[in-house]
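What follows is a set of notes on a single structure, which appears directly below.
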Amino acid sequence: MERITATYYIETPYAPEKAAAVLAGEQSSGTFVAVPGETEELKQRFAATVESIELLETANEPAIPGAVSKEGKYHRAKVKVSWSIENFGYNLPVMVSTLQGNLYEITQFTGLKLMDIELPASFGEQYEGPVFGIDGCRQLTNVYERPLIGTIIKPSVGLSPGDTAAMVKTLVEAGIDFVKDDELLSSSANSNLNDRVDAVMKVINAHADKTGKKVMYAFNISGEVDEMLQQYEKIVASGGTCAMISINSVGLSATKKICDQRQLAIHGHRNGWGMLTRHPLLGIDFRAYQKLWRLAGVDQLHVNGIQNKFWESDDSVVNSIEACLTKMYDHKTVMPVVSSGQWGGQAFETYRRTRSVDLLYMAGGGIMAHPMGAGAGVIALQQAWKAAVDGLSLEEATKIYSEFAESVKKFGKIKPQRHEEHKGSQSLRDT
């Protein structure tokens with residue numbers, strides 16, 4: 001019988017073997033006390049199995065509240081636990097409830113993070129994965145051999161549909177590949193989504209008729225399922241190619257329902273991600289997280305960015321990009337979305353670290369606040385990526401490309417705060 005294996009990073013004041021046994025029992029057939037009906041035959045078939053335990057280090061203070069160690073020692077370990085596929089079949093919500101669920105409530109743990117999931121081959125047959133992925137998004141935008149260059153409409157909230165369409169007109173004429181609504185805007189008092197679709201697609205379709213280039217616009221349809229389906233159909237009927245979903249807000253089932261319509265590329269925005277992973281000993285690691293959303297079918301998935309404005313380290317961002325670009329079954333590969341305080345200056349380090357152009361490279365202020373205007377902001381990013389791939393340094397690029405040189409003057413002195421990763425989190429990654 002096929003099994004699903006989860007890797008956890010745990011901290012416990014007890015012997016890790018005992019804590020792991022509690023984990024396996026709580027998340028399968030057992031409970032806190034023996035009950036009638038849990039026969040040896042039943043346990044043999046349905047109980048979770050602790051596959052391995054690797055001790056890592058000991059801490060003197062607990063990472064999060066839980067049981068108190070009498071000796072003042074908290075043991076950290078990598079634990080692998082497996083479940084029979086019979087326990088939840090191909091039900092993603094129940095699988096997540098099993099692999100995470102009540103685990104974070106168990107007092108035996110003063111730290112627990114789901115680091116990775118190993119799924120059997122049958123999942124690749126049951127789920128179709130992204131409809132478009134990297135290759136499909138390239139075909140939709142007709143952009144090859146470089147990253148897709150994108151931006152976010154700013155101000156996030158407050159522009160009318162006409163204001164938004166005017167901004168889109170400037171961007172498409174400058175050669176932008178991708179534009180999206182901010183996650184804070186779906187259908188507001190002064191910008192009904194259906195009206196915004198009409199205004200924006202009129203600009204995009206006219207530009208496509210004139211030039212042959214159809215810019216991808218991700219309209220934020222996050223909401224109730226029926227409403228999302230109506231808005232999805234509106235985008236399709238208007239000639240759009242993409243919809244955006246705040247995946248943590250609407251959930252796996254709603255996201256999969258939208259992805260299953262299979263007519264638009266789905267831009268998976270992970271806002272809320274920090275509360276799921278920011279603590280090194282609580283939540284879920286991106287390696288596990290991205291597999292769930294790829295099964296649901298998203299075509300594009302946020303990964304943060306190099307030298308970003310948030311808390312995440314460059315190493316973590318690079319690992320996330322690599323996770324997205326790693327082949328999963330015979331499914332199409334999800335496109336990593338690089339964003340968060342980006343401008344052309346980070347293109348050089350991003351390319352050096354990843355050696356990949358299979359990215360959607362997003363800059364909000366880095367385009368919209370360019371001193372020569374948003375159009376020059378688009379051009380500056382294209383120049384930066386060409387220079388990076390051509391092997392030029394940032395300094396060399398400024399001597400060749402005037403728009404990029406102006407962006408360096410504007411943004412080059414902005415240094416986002418850098419994050420030091422927790423030692424324990426890094427030690428597990430190294431293992």
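Chains: A, B, ... in order of the structure tokens. Residues: from 1 per chain. Ligands: from 1, in order shown.
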Would you please give, as an MDAnalysis selection string, all residues of range 269-392 of chain A that DSSP assigns to alpha helix (DSSP H) based on the backbone?
chainID A and resid 273:277 286:296 314:325 347:354 365:368 374:389
Using only C-alpha atoms, which protein or nucleic acid residues come within 12 Å of Ser186 in chain A? Drop anything in the same chain fewer than 6 positions from it, and give the result as a ChimeraX atom specification.
/A:156-159,161,180,192-197,218-224,227-228,231,243-246
Would you output that residue set with N, CA and C atoms, as an mmCIF file, in the first residue's frame?
```
data_model
loop_
_atom_site.group_PDB
_atom_site.id
_atom_site.type_symbol
_atom_site.label_atom_id
_atom_site.label_comp_id
_atom_site.auth_asym_id
_atom_site.auth_seq_id
_atom_site.Cartn_x
_atom_site.Cartn_y
_atom_site.Cartn_z
ATOM 1 N N SER A 156 -2.379 50.733 -4.077
ATOM 2 C CA SER A 156 -3.021 49.419 -3.988
ATOM 3 C C SER A 156 -4.529 49.519 -4.084
ATOM 4 N N VAL A 157 -5.112 50.509 -3.398
ATOM 5 C CA VAL A 157 -6.555 50.699 -3.353
ATOM 6 C C VAL A 157 -6.849 52.180 -3.582
ATOM 7 N N GLY A 158 -7.882 52.464 -4.332
ATOM 8 C CA GLY A 158 -8.302 53.855 -4.483
ATOM 9 C C GLY A 158 -8.433 54.329 -5.913
ATOM 10 N N LEU A 159 -7.764 53.670 -6.848
ATOM 11 C CA LEU A 159 -7.866 54.073 -8.246
ATOM 12 C C LEU A 159 -9.184 53.593 -8.833
ATOM 13 N N PRO A 161 -11.523 52.324 -12.157
ATOM 14 C CA PRO A 161 -11.204 51.492 -13.322
ATOM 15 C C PRO A 161 -10.538 52.298 -14.444
ATOM 16 N N LYS A 180 -0.565 43.088 -12.391
ATOM 17 C CA LYS A 180 -1.553 42.463 -11.520
ATOM 18 C C LYS A 180 -2.190 43.473 -10.575
ATOM 19 N N ASN A 192 -15.306 48.406 -9.054
ATOM 20 C CA ASN A 192 -15.957 47.113 -9.246
ATOM 21 C C ASN A 192 -15.125 46.262 -10.194
ATOM 22 N N LEU A 193 -14.925 45.008 -9.844
ATOM 23 C CA LEU A 193 -14.019 44.183 -10.641
ATOM 24 C C LEU A 193 -14.490 44.030 -12.074
ATOM 25 N N ASN A 194 -15.777 43.829 -12.281
ATOM 26 C CA ASN A 194 -16.272 43.677 -13.650
ATOM 27 C C ASN A 194 -16.003 44.939 -14.479
ATOM 28 N N ASP A 195 -16.156 46.094 -13.864
ATOM 29 C CA ASP A 195 -15.865 47.349 -14.564
ATOM 30 C C ASP A 195 -14.369 47.465 -14.850
ATOM 31 N N ARG A 196 -13.561 47.028 -13.890
ATOM 32 C CA ARG A 196 -12.110 47.094 -14.082
ATOM 33 C C ARG A 196 -11.661 46.149 -15.194
ATOM 34 N N VAL A 197 -12.264 44.980 -15.257
ATOM 35 C CA VAL A 197 -11.953 44.048 -16.355
ATOM 36 C C VAL A 197 -12.273 44.695 -17.698
ATOM 37 N N ALA A 218 -3.337 39.968 -14.177
ATOM 38 C CA ALA A 218 -3.897 39.080 -13.159
ATOM 39 C C ALA A 218 -4.916 39.850 -12.334
ATOM 40 N N PHE A 219 -6.191 39.636 -12.636
ATOM 41 C CA PHE A 219 -7.268 40.266 -11.877
ATOM 42 C C PHE A 219 -7.483 39.483 -10.583
ATOM 43 N N ASN A 220 -7.540 40.185 -9.473
ATOM 44 C CA ASN A 220 -7.698 39.533 -8.177
ATOM 45 C C ASN A 220 -9.152 39.156 -7.940
ATOM 46 N N ILE A 221 -9.449 37.868 -8.053
ATOM 47 C CA ILE A 221 -10.823 37.396 -7.891
ATOM 48 C C ILE A 221 -11.058 36.774 -6.525
ATOM 49 N N SER A 222 -10.141 36.886 -5.607
ATOM 50 C CA SER A 222 -10.273 36.258 -4.286
ATOM 51 C C SER A 222 -11.612 36.639 -3.645
ATOM 52 N N GLY A 223 -12.344 35.624 -3.207
ATOM 53 C CA GLY A 223 -13.649 35.871 -2.610
ATOM 54 C C GLY A 223 -14.375 34.565 -2.365
ATOM 55 N N GLU A 224 -15.705 34.620 -2.279
ATOM 56 C CA GLU A 224 -16.508 33.404 -2.175
ATOM 57 C C GLU A 224 -16.449 32.647 -3.503
ATOM 58 N N GLU A 227 -18.751 33.681 -6.402
ATOM 59 C CA GLU A 227 -18.347 34.988 -6.916
ATOM 60 C C GLU A 227 -17.077 34.859 -7.761
ATOM 61 N N MET A 228 -16.140 34.062 -7.298
ATOM 62 C CA MET A 228 -14.896 33.864 -8.056
ATOM 63 C C MET A 228 -15.177 33.236 -9.413
ATOM 64 N N GLN A 231 -16.573 35.884 -11.748
ATOM 65 C CA GLN A 231 -15.535 36.808 -12.183
ATOM 66 C C GLN A 231 -14.553 36.132 -13.129
ATOM 67 N N ALA A 243 -5.943 35.083 -13.776
ATOM 68 C CA ALA A 243 -6.643 35.519 -12.567
ATOM 69 C C ALA A 243 -5.732 35.282 -11.378
ATOM 70 N N MET A 244 -5.863 36.149 -10.383
ATOM 71 C CA MET A 244 -5.055 36.028 -9.174
ATOM 72 C C MET A 244 -5.925 35.572 -8.010
ATOM 73 N N ILE A 245 -5.345 34.701 -7.172
ATOM 74 C CA ILE A 245 -6.036 34.239 -5.970
ATOM 75 C C ILE A 245 -5.092 34.386 -4.786
ATOM 76 N N SER A 246 -5.588 34.931 -3.678
ATOM 77 C CA SER A 246 -4.849 34.914 -2.420
ATOM 78 C C SER A 246 -5.072 33.530 -1.815
#
```
Counting only C-alpha atoms, which of A:Met335, A:Leu229, A:Ala369, A:Ala387 gets nearest to Cys137 in chain A?
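Smallest distance to Cys137 in chain A is found for A:Met335.
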For the atom pair CA of Thr107 in chain A and CA of Phe88 in chain A, what is the interatomic distance in Å to one decimal place?
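CA of Phe88 in chain A lies 25.2 Å from CA of Thr107 in chain A.
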Can you tell me which residues surround range 9-25 of chain A at a distance of at most 7 Å, considering only C-alpha atoms, apart from same-chain residues fewer than 6 positions away, and format the answer as JSON, numbers by chain?
{"A": [31, 47, 48, 49, 50, 67, 68, 69, 73, 74, 75, 76, 77, 78, 79, 81, 103, 108, 109, 110, 111, 112, 113, 114, 115, 281]}
Just checking: using only C-alpha atoms, which residue out of A:Asn91, A:Asn304, A:Thr277, A:Asn190 ends up closest to Ser253 in chain A?
A:Asn91
Extract, using only C-alpha atoms, all DNA, RNA and protein residues at most 10 Å from range 286-295 of chain A, discarding same-chain residues fewer than 4 positions from it, and format them as a ChimeraX atom specification.
/A:6-7,92-93,95-96,114-119,123-124,126-130,133,247-248,251-252,255-256,268,273,276-277,299-303,316-317,319-324,328,331-334
How far is it from CA of Pro280 in chain A to CA of Thr326 in chain A, in Å with one decimal?
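Between CA of Pro280 in chain A and CA of Thr326 in chain A the gap works out to 23.1 Å.
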Rank A:Leu171, A:Val236, A:Leu185, A:Ala376 by their smallest atom-to-atom distance to Ile204 in chain A, using only C-alpha atoms, and report the top residue only.
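Of A:Leu171, A:Val236, A:Leu185, A:Ala376, the one nearest Ile204 in chain A is A:Leu171, counting only C-alpha atoms.
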